[in-house]
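Engineer: This structure is in structure tokens; I'll ask about it shortly.
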Amino acid sequence: MENFKFNAYTEILFGRDQIDNLPKSLAVYGKNVLLTYGGGSIKKNGIYTKVMDLLKGFNVVELAGIEPNPKIESVREGVRLCREHQIDVILAVGGGSTIDCSKVIGAAYYYEGDAWDIVTTPSLIDKVLPIITILTIAATGSEMNKNAVITNMQTNEKLGTASTNMIPQTSILNPEYMFTLPAIQTAAGTADIMSHVLENYFQKTEGAFVQDKISEGLLKTCIKYCPIAIKEPDNYEARANLMWASSLALNGLCGCGKGGSWTCHPIEHELSAYYDITHGVGLAIITPSWMRYILSDQTVDKFVEYAVNVWGLSPMEDKFKLANQAINKTEEFFISCGIPSTLTELGIDASKFDFMAEKAVKFGYLKYAYVGLEPADVRTILENCL
Ligand code: NZQ
Ligand code: ZN
């Protein structure tokens, strides 16, 4: 296990009725609130009305319409509103897209240049407006972490930025808010949670036993509860377990003490940058292809661990057979949750693969991944997804 620093800065208010604490949480920072949200799901399911009722004593300015894969234009508009209305605190109600956009708005508020600079150069981030979130989808872990991912469709770039100052102060997690999620978002969100865990599970660092056991538990949680949540959207237990898994998968707990770059995420970000696809769908397609590509004498033992401890497969003499069974199980699981299994199904062909492979290697530092990759490797992984 490597040296690490771990902090869980975010206050989590988990469960039914926790939203009643919202006024108290916001009041610490001031009266002027920027309320951010997406394309309208919070209006359909009643969360918006509830929030507005609770915020009667506050001055609320709204930034609506934040897109999935949030765009830099939304960030710029948010910064403009914050400056015009002297905003004290940002309240993000939604998923990773709304929360990420809000984080970068909060950071860009204190930055004199263009907001895109702090996406490409995270070291420019200094002070950040306080962020409070109300989570409506289990997926990114943004409700409890320092990351934000913003897309610039002009340059076909989808880039992650990060700062501990962007970590939300408080996140309200009520599993009931996920009852209205479409099945495909439940599935994609779960694939995202699983990918966050897998990116850290498959790393070169030896002896991070506790992190790996936590990771296996989170993966088993996703495998158990995603199908239940799809079948019974208002199953509280399923939603609650997925929601908490989302936060724990990417709040530093699984990744601390383990080095190395991630692999599937940088590749998926290239797909979204060119084709604006759903993050978790891209990950579910790439992951089995990546696993098959990197399976070798050097990695097979880790896949055996994955097969036995996550999928409950029985140990066997032929380690490669077992590893391949686990990879097949992974792929079959995503398909059973209703996620397309090929890029072709999303209308994506190989025409941009060379650009995407170059950029994934460059921005994702893929040479330092579990199995280091060059652009030609990424191209093959993508071709195998067609
Ligand atoms: O926009 P609305 O109308 O709210 O609809 C959303 C959106 O269409 C809908 N939705 C959310 N909650 C709902 C709901 N519909 C009905 N009922 C509800 N309760 O779901 C759709 C997806 O929302 P989005 O916020 O885009 O999902 P997600 O949380 O998966 O966020 C994806 C973004 O986060 C980035 C991704 O790249 C992508 O841009 N990531 C952020 C990370 C982070 N900050 O740490 C890490 C991740 O790896 C990821 O890269
Ligand atoms: Zn992700």
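Within each chain, counting starts at residue 1; across the structure tokens, chains are named A, B, ... in the order shown, with ligands numbered 1 upward in that order.
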May I have the residues within 6 Å of ligand 2, computed using only C-alpha atoms and all ligand atoms, as an MDAnalysis selection string?
Structural biologist: chainID A and resid 140 192 196
Engineer: Selected residues, N, CA and C atoms, written as a PDB file, in the first residue's frame, please.
Structural biologist:
```pdb
ATOM      1  N   THR A 140     -21.866   9.075 -10.054  1.00  0.00           N
ATOM      2  CA  THR A 140     -20.512   9.639 -10.185  1.00  0.00           C
ATOM      3  C   THR A 140     -19.736   9.762  -8.882  1.00  0.00           C
ATOM      4  N   ASP A 192     -21.280   3.063 -13.940  1.00  0.00           N
ATOM      5  CA  ASP A 192     -20.292   4.087 -13.578  1.00  0.00           C
ATOM      6  C   ASP A 192     -19.697   3.793 -12.195  1.00  0.00           C
ATOM      7  N   HIS A 196     -15.749   2.983 -11.426  1.00  0.00           N
ATOM      8  CA  HIS A 196     -14.889   3.711 -10.470  1.00  0.00           C
ATOM      9  C   HIS A 196     -14.141   2.733  -9.569  1.00  0.00           C
TER      10      HIS A 196
END
```
Engineer: Check every protein, DNA and RNA residue against ligand 1, keep those with an atom at most 7 Å away (counting only C-alpha atoms and all ligand atoms), and present them as a VMD selection string.
Structural biologist: chain A and resid 37 to 42 45 65 to 70 94 to 98 100 136 to 142 145 to 150 177 to 182 185 188 to 189 192 196 250 265 269 279 to 280
Engineer: Set the distance at 8 Å and use only C-alpha atoms: which residues neighbour A:Pro130 once local chain neighbours fewer than 4 positions away are removed? I'd like the list as a ChimeraX atom specification.
Structural biologist: /A:29,88-90,106,166,168-169
Engineer: Taking the backbone alone, and naming residues the way the document does, which bits of stretch 131-273 of chain A are strand (DSSP E) by DSSP, as a list in words?
Structural biologist: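 Selection result, strand (DSSP E) within stretch 131-273 of chain A: Ile131, Ile132, Thr133, Ile134, Leu135, Asn147, Ala148, Val149, Ile150, Thr151, Asn152, Glu157, Lys158, Leu159, Gly160, Thr161, Ala162, Thr170, Ser171, Ile172 and Leu173 of chain A.
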Engineer: Could the residues in this selection be saved with N, CA and C atoms as a compact mmCIF listing (two decimals), in the first residue's frame?
Structural biologist:
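Written out: again_16.txt:
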```
# COMPACT_ATOMS: atom_id res chain seq x y z
N ILE A 131 -20.63 24.68 -1.93
CA ILE A 131 -21.57 23.88 -2.73
C ILE A 131 -22.35 22.96 -1.80
N ILE A 132 -23.66 22.96 -1.96
CA ILE A 132 -24.52 21.98 -1.27
C ILE A 132 -25.25 21.20 -2.35
N THR A 133 -25.36 19.88 -2.18
CA THR A 133 -26.02 19.11 -3.23
C THR A 133 -27.22 18.32 -2.69
N ILE A 134 -28.18 18.13 -3.58
CA ILE A 134 -29.26 17.17 -3.34
C ILE A 134 -29.16 16.18 -4.49
N LEU A 135 -28.77 14.96 -4.18
CA LEU A 135 -28.46 13.97 -5.22
C LEU A 135 -29.73 13.27 -5.71
N ASN A 147 -13.91 16.16 -7.82
CA ASN A 147 -13.79 16.17 -9.29
C ASN A 147 -14.95 16.87 -9.97
N ALA A 148 -14.67 17.33 -11.17
CA ALA A 148 -15.72 17.85 -12.05
C ALA A 148 -15.28 17.60 -13.48
N VAL A 149 -16.23 17.20 -14.32
CA VAL A 149 -15.90 16.89 -15.71
C VAL A 149 -16.75 17.80 -16.60
N ILE A 150 -16.10 18.56 -17.44
CA ILE A 150 -16.81 19.55 -18.27
C ILE A 150 -16.44 19.31 -19.74
N THR A 151 -17.45 19.54 -20.60
CA THR A 151 -17.26 19.29 -22.03
C THR A 151 -17.24 20.59 -22.82
N ASN A 152 -16.33 20.63 -23.80
CA ASN A 152 -16.26 21.75 -24.74
C ASN A 152 -16.46 21.16 -26.13
N GLU A 157 -13.48 18.35 -26.53
CA GLU A 157 -12.74 17.94 -25.33
C GLU A 157 -13.71 17.76 -24.17
N LYS A 158 -13.56 16.65 -23.48
CA LYS A 158 -14.29 16.42 -22.22
C LYS A 158 -13.21 16.15 -21.19
N LEU A 159 -13.01 17.11 -20.29
CA LEU A 159 -11.86 17.02 -19.39
C LEU A 159 -12.27 17.08 -17.93
N GLY A 160 -11.52 16.36 -17.13
CA GLY A 160 -11.74 16.40 -15.69
C GLY A 160 -10.85 17.45 -15.06
N THR A 161 -11.40 18.14 -14.06
CA THR A 161 -10.59 19.03 -13.26
C THR A 161 -10.85 18.66 -11.80
N ALA A 162 -10.05 19.18 -10.89
CA ALA A 162 -10.25 18.76 -9.50
C ALA A 162 -9.62 19.77 -8.54
N THR A 170 -22.11 19.94 2.07
CA THR A 170 -23.15 19.02 2.55
C THR A 170 -23.81 18.37 1.33
N SER A 171 -24.11 17.08 1.43
CA SER A 171 -24.91 16.43 0.38
C SER A 171 -26.07 15.71 1.03
N ILE A 172 -27.25 15.98 0.47
CA ILE A 172 -28.47 15.35 0.98
C ILE A 172 -28.79 14.17 0.07
N LEU A 173 -28.82 12.98 0.66
CA LEU A 173 -29.03 11.76 -0.13
C LEU A 173 -30.32 11.07 0.33
```
Engineer: Contacts of A:Val79 at 6 Å or less, counting only C-alpha atoms, minus same-chain residues fewer than 3 places along, as a PyMOL selection string?
Structural biologist: chain A and resi 76+82+105+109
Engineer: Restrict the selected residues to C-alpha atoms and save them as a compact mmCIF listing (two decimals), in the first residue's frame.
Structural biologist:
```txt
# COMPACT_ATOMS: atom_id res chain seq x y z
CA ARG A 76 -20.04 30.60 -18.00
CA CYS A 82 -23.31 34.45 -9.42
CA ILE A 105 -19.10 27.71 -11.51
CA TYR A 109 -16.47 32.82 -9.80
```
Engineer: For A:Ser289, which residue out of A:Cys226, A:Leu129, A:Leu271, A:Ile381 is the nearest one, using only C-alpha atoms?
Structural biologist: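 That would be A:Ile381, the residue with the smallest distance to A:Ser289.
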Engineer: Using only C-alpha atoms, which residue out of A:Leu253, A:Lys220, A:Pro233, A:Ser272 lies closest to A:Asn200?
Structural biologist: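 Result for the nearest residue to A:Asn200: A:Leu253.
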Engineer: Within 12 Å of stretch 55-63 of chain A, counting only C-alpha atoms, which residues show up once you throw out same-chain ones fewer than 3 positions away? Write them as an MDAnalysis selection string, please.
Structural biologist: chainID A and resid 19:27 29:40 48:52 66:67 73:93 98 101:102 105
Engineer: Write down as a count of residues only the residues of stretch 5-234 of chain A whose backbone DSSP state falls under helix (DSSP H, G or I).
Structural biologist: 109
Engineer: Hey, which of A:Ser247, A:Asn309, A:Gln203, A:Asn241 ends up closest to A:Gly260? Count only C-alpha atoms.
Structural biologist: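 Residue with the minimum atom-to-atom distance to A:Gly260: A:Gln203.
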Engineer: Show which residues sit within 8 Å of stretch 211-219 of chain A, as a list in words. Count only C-alpha atoms, and ignore same-chain residues fewer than 5 positions away.
Structural biologist: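 Contacts, with the query itself left out: Met194, Val197, Leu198, Tyr201, Ala245, Ala249, Leu253, Cys254, Gly255, Cys256, Tyr306, Asn309 and Val310 of chain A.
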Engineer: Could you tell me which of A:Gly207, A:Pro227, A:Pro375, A:Pro315 comes closest to A:Cys337 if we count only C-alpha atoms?
Structural biologist: A:Pro227
Engineer: What's the 10 Å shell around A:Tyr293, counting only C-alpha atoms, without same-chain residues fewer than 6 positions away, as a list in words?
Structural biologist: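 Once the nearby chain positions are removed, what remains is Thr287, Val371, Asp377, Val378, Thr380, Ile381 and Asn384 of chain A.
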Engineer: Report, in Å with one decimal, the straight-line distance from atom CA of A:Trp290 to atom CA of A:Met356.
Structural biologist: 15.2 Å
Engineer: Provide the atom CA of A:Val119 to atom CA of A:Lys204 distance in Å, to one decimal place.
Structural biologist: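 Answer for the atom CA of A:Val119 to atom CA of A:Lys204 separation: 28.4 Å.
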